[in-house]
>>> print(open('entry_13.txt').read())   # compact mmCIF, C-alpha atoms
# COMPACT_ATOMS: atom_id res chain seq x y z
CA MET A 7 128.61 254.23 -95.36
CA LEU A 8 126.66 251.34 -96.92
CA THR A 9 123.30 250.32 -95.54
CA LEU A 10 122.58 246.69 -94.70
CA LYS A 11 120.58 246.25 -97.92
CA GLN A 12 123.33 247.83 -100.04
CA GLY A 13 125.89 245.60 -98.33
CA ARG A 14 123.93 242.50 -99.22
CA GLN A 15 123.52 243.65 -102.81
CA LEU A 16 127.25 244.32 -103.07
CA GLN A 17 127.99 240.88 -101.62
CA THR A 18 125.63 239.27 -104.16
CA VAL A 19 127.32 241.09 -107.04
CA LEU A 20 130.82 240.13 -105.85
CA LEU A 21 129.85 236.48 -105.38
CA GLY A 22 128.23 236.45 -108.82
CA ALA A 23 131.37 237.95 -110.39
CA LEU A 24 133.53 235.38 -108.59
CA ALA A 25 131.31 232.53 -109.79
CA TRP A 26 131.55 233.79 -113.38
CA LEU A 27 135.34 234.10 -113.07
CA VAL A 28 135.66 230.51 -111.84
CA ALA A 29 133.27 229.24 -114.54
CA LEU A 30 135.17 231.04 -117.32
CA THR A 31 138.50 229.75 -116.01
CA ILE A 32 137.20 226.17 -116.09
CA PHE A 33 135.60 226.60 -119.51
CA PHE A 34 138.56 228.40 -121.15
CA PRO A 35 140.58 225.24 -122.08
CA ILE A 36 137.50 223.81 -123.83
CA PHE A 37 136.90 227.11 -125.63
CA TRP A 38 140.54 227.30 -126.74
CA MET A 39 140.50 223.68 -127.93
CA LEU A 40 137.40 224.40 -130.02
CA LEU A 41 138.97 227.58 -131.40
CA THR A 42 142.23 225.82 -132.29
CA SER A 43 140.37 223.06 -134.10
CA PHE A 44 139.32 225.61 -136.75
CA LYS A 45 142.86 226.96 -137.27
CA THR A 46 145.59 225.88 -139.65
CA GLU A 47 148.68 224.34 -138.05
CA ILE A 48 150.57 227.61 -138.67
CA ASP A 49 147.90 229.65 -136.89
CA ALA A 50 147.77 227.12 -134.06
CA PHE A 51 151.52 227.56 -133.39
CA ALA A 52 151.49 231.35 -133.87
CA THR A 53 153.09 233.49 -131.17
CA PRO A 54 151.39 235.39 -129.63
CA PRO A 55 148.27 233.19 -129.89
CA GLN A 56 145.74 234.43 -132.42
CA LEU A 57 142.20 235.07 -131.28
CA PHE A 58 141.06 236.29 -134.70
CA PHE A 59 141.86 234.19 -137.78
CA THR A 60 140.29 232.73 -140.91
CA PRO A 61 138.47 229.54 -139.79
CA THR A 62 138.94 226.35 -141.77
CA LEU A 63 137.42 222.86 -141.71
CA GLU A 64 140.51 221.17 -143.14
CA ASN A 65 141.33 219.47 -139.80
CA TYR A 66 137.90 217.86 -139.57
CA LEU A 67 138.03 216.82 -143.23
CA GLU A 68 141.43 215.19 -142.73
CA ILE A 69 140.16 213.30 -139.66
CA ASP A 70 137.18 212.08 -141.68
CA GLU A 71 139.52 210.79 -144.40
CA ARG A 72 142.16 209.35 -142.09
CA SER A 73 140.05 207.75 -139.33
CA ASP A 74 136.73 205.95 -138.96
CA TYR A 75 135.31 208.24 -136.27
CA PHE A 76 131.99 206.41 -135.95
CA HIS A 77 133.76 203.09 -135.32
CA PHE A 78 135.57 204.58 -132.31
CA ALA A 79 132.44 206.45 -131.17
CA TRP A 80 130.37 203.25 -131.31
CA ASN A 81 132.99 201.45 -129.22
CA SER A 82 132.84 204.24 -126.63
CA VAL A 83 129.04 204.02 -126.49
CA VAL A 84 129.01 200.21 -126.12
CA VAL A 85 131.75 200.13 -123.51
CA SER A 86 130.38 203.06 -121.46
CA PHE A 87 126.78 201.82 -121.37
CA GLY A 88 127.81 198.17 -120.96
CA SER A 89 130.09 198.86 -117.98
CA THR A 90 127.46 201.14 -116.40
CA LEU A 91 124.73 198.51 -116.75
CA LEU A 92 126.93 195.75 -115.32
CA GLY A 93 128.14 198.06 -112.56
CA MET A 94 124.59 198.96 -111.51
CA LEU A 95 123.56 195.28 -111.48
CA LEU A 96 126.38 194.66 -108.99
CA ALA A 97 126.25 197.93 -107.04
CA VAL A 98 122.52 197.96 -106.18
CA PRO A 99 122.38 194.59 -104.33
CA ALA A 100 125.76 195.25 -102.70
CA ALA A 101 124.64 198.67 -101.45
CA TYR A 102 121.27 197.23 -100.36
CA SER A 103 122.91 194.59 -98.17
CA MET A 104 125.36 197.07 -96.68
CA ALA A 105 122.74 199.74 -96.01
CA PHE A 106 119.99 197.58 -94.48
CA PHE A 107 121.95 194.64 -93.05
CA GLU A 108 124.87 196.60 -91.65
CA THR A 109 127.53 194.83 -89.58
CA LYS A 110 130.52 196.17 -87.69
CA ARG A 111 132.70 195.49 -90.76
CA THR A 112 130.51 197.32 -93.25
CA LYS A 113 132.22 200.71 -92.91
CA SER A 114 135.71 199.19 -93.13
CA THR A 115 134.64 197.24 -96.24
CA LEU A 116 133.36 200.43 -97.87
CA LEU A 117 136.58 202.26 -97.00
CA TRP A 118 138.64 199.40 -98.42
CA MET A 119 136.63 199.49 -101.64
CA LEU A 120 137.15 203.24 -101.91
CA SER A 121 140.88 202.89 -101.21
CA THR A 122 141.25 200.76 -104.34
CA LYS A 123 140.49 203.92 -106.33
CA MET A 124 143.74 205.40 -104.95
CA LEU A 125 145.77 202.56 -106.46
CA PRO A 126 147.86 203.70 -109.44
CA PRO A 127 146.59 201.71 -112.46
CA VAL A 128 150.10 201.13 -113.78
CA GLY A 129 150.83 199.11 -110.62
CA VAL A 130 148.46 196.33 -111.74
CA LEU A 131 148.89 196.69 -115.48
CA VAL A 132 151.13 193.66 -116.02
CA PRO A 133 149.01 191.05 -114.15
CA ILE A 134 145.78 192.34 -115.71
CA TYR A 135 147.35 192.40 -119.17
CA LEU A 136 148.49 188.77 -118.76
CA LEU A 137 145.06 187.71 -117.45
CA PHE A 138 143.36 189.39 -120.40
CA LYS A 139 145.83 187.77 -122.81
CA ASP A 140 145.20 184.27 -121.43
CA ALA A 141 141.43 184.84 -121.42
CA GLY A 142 141.42 186.21 -124.97
CA LEU A 143 140.03 189.57 -123.86
CA LEU A 144 142.69 191.84 -125.36
CA ASP A 145 141.29 194.34 -127.87
CA THR A 146 137.70 193.32 -127.14
CA LYS A 147 134.76 195.41 -125.96
CA THR A 148 133.93 192.70 -123.40
CA GLY A 149 137.35 193.15 -121.82
CA LEU A 150 136.92 196.92 -121.59
CA VAL A 151 133.43 196.53 -120.10
CA LEU A 152 134.85 194.28 -117.38
CA ILE A 153 137.79 196.52 -116.51
CA TYR A 154 135.70 199.73 -116.54
CA THR A 155 133.13 198.04 -114.29
CA LEU A 156 135.83 197.08 -111.80
CA ILE A 157 137.27 200.60 -111.86
CA ASN A 158 133.98 202.42 -111.26
CA LEU A 159 132.28 199.88 -108.99
CA PRO A 160 133.64 201.30 -105.67
CA ILE A 161 132.28 204.77 -106.47
CA MET A 162 128.95 203.34 -107.63
CA VAL A 163 128.53 201.23 -104.48
CA TRP A 164 129.39 204.23 -102.30
CA MET A 165 126.88 206.48 -104.05
CA VAL A 166 124.03 203.96 -104.05
CA TYR A 167 124.80 203.07 -100.41
CA THR A 168 124.52 206.76 -99.47
CA TYR A 169 121.14 207.10 -101.18
CA PHE A 170 119.80 203.92 -99.58
CA LYS A 171 120.91 205.09 -96.13
CA GLU A 172 118.69 208.15 -96.52
CA ILE A 173 115.60 205.94 -96.86
CA PRO A 174 113.82 205.24 -93.55
CA LYS A 175 113.96 201.56 -92.59
CA GLU A 176 110.29 201.75 -91.59
CA ILE A 177 109.38 201.77 -95.28
CA LEU A 178 111.12 198.45 -95.84
CA GLU A 179 109.63 197.00 -92.66
CA ALA A 180 106.17 197.92 -93.92
CA ALA A 181 106.93 196.17 -97.22
CA ARG A 182 108.10 193.05 -95.34
CA LEU A 183 104.89 193.02 -93.30
CA ASP A 184 103.04 192.94 -96.62
CA GLY A 185 105.05 189.87 -97.58
CA ALA A 186 107.60 191.44 -99.95
CA THR A 187 110.74 189.42 -100.71
CA ALA A 188 114.22 190.95 -100.79
CA LEU A 189 114.03 191.23 -104.59
CA GLN A 190 110.64 192.93 -104.41
CA GLU A 191 111.97 195.34 -101.76
CA ILE A 192 114.68 196.45 -104.17
CA TYR A 193 112.65 196.72 -107.37
CA ARG A 194 109.27 197.86 -106.00
CA VAL A 195 110.31 200.00 -103.02
CA LEU A 196 113.95 201.12 -103.09
CA LEU A 197 114.49 201.81 -106.79
CA PRO A 198 111.41 204.07 -107.26
CA ILE A 199 112.26 206.08 -104.12
CA SER A 200 115.93 206.56 -104.93
CA LYS A 201 115.66 206.91 -108.72
CA GLY A 202 117.17 210.43 -108.60
CA GLY A 203 120.28 209.20 -106.84
CA LEU A 204 120.53 206.12 -109.04
CA ALA A 205 120.25 208.30 -112.15
CA SER A 206 123.16 210.45 -110.97
CA THR A 207 125.21 207.29 -110.32
CA VAL A 208 124.50 206.12 -113.86
CA LEU A 209 125.45 209.51 -115.30
CA LEU A 210 128.70 209.68 -113.34
CA SER A 211 129.66 206.14 -114.37
CA LEU A 212 128.96 206.96 -118.03
CA ILE A 213 131.14 210.06 -117.87
CA LEU A 214 134.00 208.25 -116.09
CA SER A 215 133.87 205.35 -118.57
CA TRP A 216 133.75 207.65 -121.58
CA ASN A 217 136.79 209.61 -120.40
CA GLU A 218 138.92 206.65 -119.31
CA ALA A 219 142.13 206.45 -121.35
CA PHE A 220 144.80 204.41 -119.53
CA TRP A 221 143.21 200.97 -119.90
CA SER A 222 141.85 201.57 -123.38
CA LEU A 223 145.34 202.50 -124.61
CA ASN A 224 146.98 199.45 -123.01
CA LEU A 225 144.33 196.79 -123.61
CA THR A 226 143.09 197.66 -127.10
CA ALA A 227 144.63 198.11 -130.54
CA SER A 228 142.02 198.86 -133.20
CA SER A 229 139.00 196.56 -133.01
CA ALA A 230 137.66 197.72 -129.63
CA ALA A 231 139.51 201.04 -129.32
CA PRO A 232 137.25 203.87 -128.05
CA LEU A 233 137.52 207.60 -128.76
CA THR A 234 140.27 208.14 -126.19
CA ALA A 235 142.49 205.83 -128.25
CA LEU A 236 141.60 207.80 -131.38
CA VAL A 237 142.76 211.02 -129.71
CA ALA A 238 146.04 209.38 -128.64
CA SER A 239 146.67 208.19 -132.21
CA TYR A 240 147.07 211.83 -133.30
CA SER A 241 150.13 212.18 -131.08
CA SER A 242 152.93 210.98 -133.35
CA PRO A 243 156.75 210.74 -132.97
CA GLU A 244 157.03 213.49 -135.59
CA GLY A 245 155.45 215.92 -133.12
CA LEU A 246 152.10 217.22 -132.00
CA PHE A 247 149.83 218.75 -134.60
CA TRP A 248 147.82 221.02 -132.37
CA ALA A 249 145.06 221.91 -134.81
CA LYS A 250 144.32 218.29 -135.76
CA LEU A 251 144.67 217.15 -132.15
CA SER A 252 142.22 219.85 -131.07
CA ALA A 253 139.78 218.83 -133.79
CA VAL A 254 139.81 215.14 -132.84
CA SER A 255 139.62 216.05 -129.14
CA THR A 256 136.57 218.21 -129.84
CA LEU A 257 134.90 215.32 -131.67
CA ALA A 258 135.71 212.99 -128.76
CA CYS A 259 134.47 215.38 -126.07
CA ALA A 260 131.38 216.70 -127.87
CA PRO A 261 129.00 213.73 -127.23
CA ILE A 262 129.71 213.50 -123.51
CA LEU A 263 129.66 217.31 -123.09
CA ILE A 264 126.24 217.51 -124.74
CA PHE A 265 125.05 214.56 -122.68
CA GLY A 266 126.34 216.16 -119.47
CA TRP A 267 124.78 219.52 -120.38
CA LEU A 268 121.37 217.98 -121.01
CA SER A 269 121.47 215.99 -117.77
CA GLN A 270 123.18 218.57 -115.52
CA LYS A 271 120.11 219.19 -113.35
CA GLN A 272 119.69 215.49 -112.65
CA LEU A 273 123.41 215.08 -112.03
CA VAL A 274 123.66 217.99 -109.57
CA ARG A 275 120.48 216.92 -107.82
CA GLY A 276 121.76 213.40 -107.38
CA LEU A 277 125.25 214.42 -106.25
CA SER A 278 123.79 216.78 -103.63
CA PHE A 279 121.24 214.22 -102.46
CA GLY A 280 121.49 213.87 -98.71
CA ALA A 281 123.89 216.81 -98.36
CA VAL A 282 121.25 218.90 -96.59
CA LYS A 283 118.80 217.33 -94.20
>>> encode(input="entry_13.txt", output="structure tokens")
Amino acid sequence: MLTLKQGRQLQTVLLGALAWLVALTIFFPIFWMLLTSFKTEIDAFATPPQLFFTPTLENYLEIDERSDYFHFAWNSVVVSFGSTLLGMLLAVPAAYSMAFFETKRTKSTLLWMLSTKMLPPVGVLVPIYLLFKDAGLLDTKTGLVLIYTLINLPIMVWMVYTYFKEIPKEILEAARLDGATALQEIYRVLLPISKGGLASTVLLSLILSWNEAFWSLNLTASSAAPLTALVASYSSPEGLFWAKLSAVSTLACAPILIFGWLSQKQLVRGLSFGAVK
């Protein structure tokens, strides 16, 4: 018969083991992709899969010879940061007006904005492609910045709105009594208070923009193509070359994985902001 203390210790151990199991299950595809990137194509297709093999860098060397990795990486950086900056410039004032000047239509407007995220992108591909063609935005970084901003804006507005709603209105009223304008309320009062939540919004937007593939494949060719387009270029009609595909996928995922790892505390803190009062 277990005592109460032993029961709690057993529960802690079981929960810890379960957490490790879930974490390893999530991480396994990334681990296997990294492992495959150091195999030859023969080892990559071997049955049963080989865990122990002679590692090689030939896949990475071939990618370096065949593709300009830094050109695609630079496009990803410009598009991700550009769309995040533009998105925040639009999301902050929109969330400010909805949070502090709420009307009876505010909630329905927010829900409508969020519902646009449920829309299958292929449903609006043709009109957006034609608009981009007429505006000369095809295969340009400006075009990708605009489309990524539109895609992520509903989530950004929702997140910033949630953080602003957690701020007591008395703080803004005190600022107004001191003669602060609406712009000063945002930059001198709201942004410093909610910088944790805003940082998590920025991080999430960067990750979503970096990983977006549908629009980059359909709206770019070579000039503005980001890393997701580079990965897709290694899927040829002759078949999939798993080792090379794993190597280029590792190169595409590595920057954002490192970035996410370094900022994980800020990201988790921001995403859980307001969850517990």
>>> closest_residue(input="entry_13.txt", among="A:Leu196, A:Ala25, A:Leu156, A:Leu183", to="Tyr102 in chain A", atoms="only C-alpha atoms")
A:Leu196
>>> atom_distance(input="entry_13.txt", atom1="CA of Lys250 in chain A", atom2="CA of Pro61 in chain A")
13.3 Å
>>> atom_distance(input="entry_13.txt", atom1="CA of Glu218 in chain A", atom2="CA of Ala141 in chain A")
22.1 Å
>>> closest_residue(input="entry_13.txt", among="A:Ser121, A:Thr187, A:Ser82, A:Ser43", to="Val254 in chain A", atoms="all atoms listed in the file")
A:Ser43
>>> closest_residue(input="entry_13.txt", among="A:Trp221, A:Tyr167, A:Tyr154, A:Trp26", to="Thr90 in chain A", atoms="all atoms listed in the file")
A:Tyr154
>>> residues_around(input="entry_13.txt", residues="Thr155 in chain A", least_positions_apart="6", cutoff="12 Å", atoms="all atoms listed in the file", output="ChimeraX atom specification")
/A:85-97,148-149,161-163,208,211-212,214-215,218,221
>>> residues_around(input="entry_13.txt", residues="Thr146 in chain A", least_positions_apart="6", cutoff="8 Å", atoms="only C-alpha atoms", output="list in words")
Thr226, Ser229 and Ala230 of chain A
>>> residues_around(input="entry_13.txt", residues="Ala50 in chain A", least_positions_apart="6", cutoff="7 Å", atoms="all atoms listed in the file", output="number ranges by chain")
A: 42, 248-249
>>> closest_residue(input="entry_13.txt", among="A:Gln56, A:Leu178, A:Leu209, A:Ala231", to="Trp267 in chain A", atoms="all atoms listed in the file")
A:Leu209
>>> residues_around(input="entry_13.txt", residues="range 75-79 of chain A", least_positions_apart="6", cutoff="7 Å", atoms="only C-alpha atoms", output="VMD selection string")
chain A and resid 231 to 233 236
>>> closest_residue(input="entry_13.txt", among="A:Ala205, A:Leu40, A:Leu144, A:Val195", to="Ile173 in chain A", atoms="all atoms listed in the file")
A:Val195
>>> closest_residue(input="entry_13.txt", among="A:Leu24, A:Leu57, A:Leu225, A:Ile262", to="Leu131 in chain A", atoms="only C-alpha atoms")
A:Leu225
>>> residues_around(input="entry_13.txt", residues="Ser103 in chain A", least_positions_apart="5", cutoff="12 Å", atoms="only C-alpha atoms", output="MDAnalysis selection string")
chainID A and resid 96:98 108:109 112 116 163 166:167 170:171 188:189 191:192
>>> write_last_selection(input="entry_13.txt", atoms="C-alpha atoms", output="PDB file, in the coordinates of the input")
ATOM      1  CA  LEU A  96     126.380 194.660-108.990  1.00  0.00           C
ATOM      2  CA  ALA A  97     126.250 197.930-107.040  1.00  0.00           C
ATOM      3  CA  VAL A  98     122.520 197.960-106.180  1.00  0.00           C
ATOM      4  CA  GLU A 108     124.870 196.600 -91.650  1.00  0.00           C
ATOM      5  CA  THR A 109     127.530 194.830 -89.580  1.00  0.00           C
ATOM      6  CA  THR A 112     130.510 197.320 -93.250  1.00  0.00           C
ATOM      7  CA  LEU A 116     133.360 200.430 -97.870  1.00  0.00           C
ATOM      8  CA  VAL A 163     128.530 201.230-104.480  1.00  0.00           C
ATOM      9  CA  VAL A 166     124.030 203.960-104.050  1.00  0.00           C
ATOM     10  CA  TYR A 167     124.800 203.070-100.410  1.00  0.00           C
ATOM     11  CA  PHE A 170     119.800 203.920 -99.580  1.00  0.00           C
ATOM     12  CA  LYS A 171     120.910 205.090 -96.130  1.00  0.00           C
ATOM     13  CA  ALA A 188     114.220 190.950-100.790  1.00  0.00           C
ATOM     14  CA  LEU A 189     114.030 191.230-104.590  1.00  0.00           C
ATOM     15  CA  GLU A 191     111.970 195.340-101.760  1.00  0.00           C
ATOM     16  CA  ILE A 192     114.680 196.450-104.170  1.00  0.00           C
TER      17      ILE A 192
END
>>> atom_distance(input="entry_13.txt", atom1="CA of Phe58 in chain A", atom2="CA of Leu30 in chain A")
19.1 Å
